[in-house]
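Note sheet for the following structure.
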Amino acid sequence: VRQVLLHGSPSLGRVPSPADFSVAVILSHMDGDWAQESLRLRDLFVDSDFEVDVHAFSAEEYERSRTVPGSLAHSIALHAVPLHDPGAH
């Protein structure tokens, strides 16, 4: 895992009720397609008290699409709050 980024309403300081969080997970390598990987990662939150939408990206795909206006990666890059970023100090 390269990065975990909180995005959507909570990253802008608005927490909807009931609580619903959107998380982007940037992976160094992704074996399956993004949809399968997103579902697999979402299963980590199955017993939580809140909804979590997980969007998986390979690092390559995220870097390629983060500068494309209108793409999900672009929105995430503009507004996300890092939850896990080993490169940050």
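Simple scheme: letters A, B, ... for chains in structure tokens order, numbers from 1 for residues in each chain, numbers from 1 for ligands in the order shown.
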
* Write out as a list in words all residues of stretch 4-66 of chain A that DSSP puts in alpha helix (DSSP H) for this structure's backbone. =>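 So, restricting stretch 4-66 of chain A to alpha helix (DSSP H), we get Trp34, Ala35, Gln36, Glu37, Ser38, Leu39, Arg40, Leu41, Arg42, Ala59, Glu60, Glu61, Tyr62, Glu63, Arg64 and Ser65 of chain A.
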
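When only C-alpha atoms are used to compute distances to A:Val1, the closest of the residues A:Leu72, A:Val52, A:Ala77, A:Ala59 turns out to be A:Ala59.
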
I'd like the contact shell of A:Leu78 - 12 Å cut-off, only C-alpha atoms, skipping same-chain residues fewer than 2 positions apart - returned as a PyMOL selection string.
chain A and resi 5-8+11-12+66-76+80-82

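The residue that comes closest to A:Leu27, out of A:Val4, A:Gly87, A:His79, A:Asp43 and on the basis of only C-alpha atoms, is A:Val4.
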
Every residue of stretch 48-85 of chain A that DSSP places in strand (DSSP E or B), as a VMD selection string:
chain A and resid 51 to 58 81 to 84

Any chance you could export the current selection's N, CA, C and O atoms as a compact mmCIF listing (two decimals), in the first residue's frame?
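Output saved as out.txt:
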# COMPACT_ATOMS: atom_id res chain seq x y z
N GLU A 51 -20.36 3.00 6.90
CA GLU A 51 -20.15 2.56 5.51
C GLU A 51 -18.81 3.08 5.02
O GLU A 51 -18.45 4.22 5.28
N VAL A 52 -18.09 2.25 4.30
CA VAL A 52 -16.83 2.67 3.70
C VAL A 52 -16.85 2.26 2.23
O VAL A 52 -17.04 1.09 1.91
N ASP A 53 -16.70 3.26 1.36
CA ASP A 53 -16.53 3.00 -0.07
C ASP A 53 -15.03 3.04 -0.34
O ASP A 53 -14.37 4.01 0.01
N VAL A 54 -14.53 1.99 -0.93
CA VAL A 54 -13.10 1.90 -1.21
C VAL A 54 -12.89 1.94 -2.72
O VAL A 54 -13.55 1.22 -3.47
N HIS A 55 -11.98 2.79 -3.14
CA HIS A 55 -11.61 2.90 -4.55
C HIS A 55 -10.13 2.55 -4.66
O HIS A 55 -9.28 3.29 -4.14
N ALA A 56 -9.82 1.44 -5.29
CA ALA A 56 -8.44 1.00 -5.44
C ALA A 56 -7.87 1.51 -6.76
O ALA A 56 -8.55 1.51 -7.79
N PHE A 57 -6.63 1.95 -6.71
CA PHE A 57 -5.89 2.38 -7.88
C PHE A 57 -4.51 1.76 -7.84
O PHE A 57 -3.90 1.70 -6.76
N SER A 58 -4.00 1.36 -8.98
CA SER A 58 -2.56 1.06 -9.02
C SER A 58 -1.87 2.42 -8.99
O SER A 58 -2.44 3.44 -9.40
N VAL A 81 -7.52 13.84 2.05
CA VAL A 81 -6.73 13.95 3.27
C VAL A 81 -5.97 12.64 3.44
O VAL A 81 -6.60 11.57 3.50
N PRO A 82 -4.64 12.68 3.50
CA PRO A 82 -3.88 11.43 3.66
C PRO A 82 -4.15 10.78 5.02
O PRO A 82 -4.09 11.44 6.05
N LEU A 83 -4.48 9.50 4.99
CA LEU A 83 -4.62 8.72 6.21
C LEU A 83 -3.37 7.88 6.44
O LEU A 83 -3.01 7.58 7.57
N HIS A 84 -2.74 7.49 5.34
CA HIS A 84 -1.50 6.71 5.40
C HIS A 84 -0.66 7.12 4.20
O HIS A 84 -1.09 6.97 3.05

Between atom CA of A:Asp47 and atom CA of A:Met30 lies a distance of 24.4 Å

Discussion item. Between atom CA of A:His29 and atom CA of A:Ser65, what distance in Å does the model show, to one decimal?
Written reply: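 According to the coordinates, atom CA of A:His29 and atom CA of A:Ser65 are separated by 16.2 Å.
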
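In this model, the gap between atom CA of A:Asp49 and atom CA of A:Pro86 comes to 27.0 Å.
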
In terms of only C-alpha atoms, the residue from A:Asp31, A:Asp85, A:Ser22, A:Arg2 at minimal distance from A:Phe50 is A:Ser22
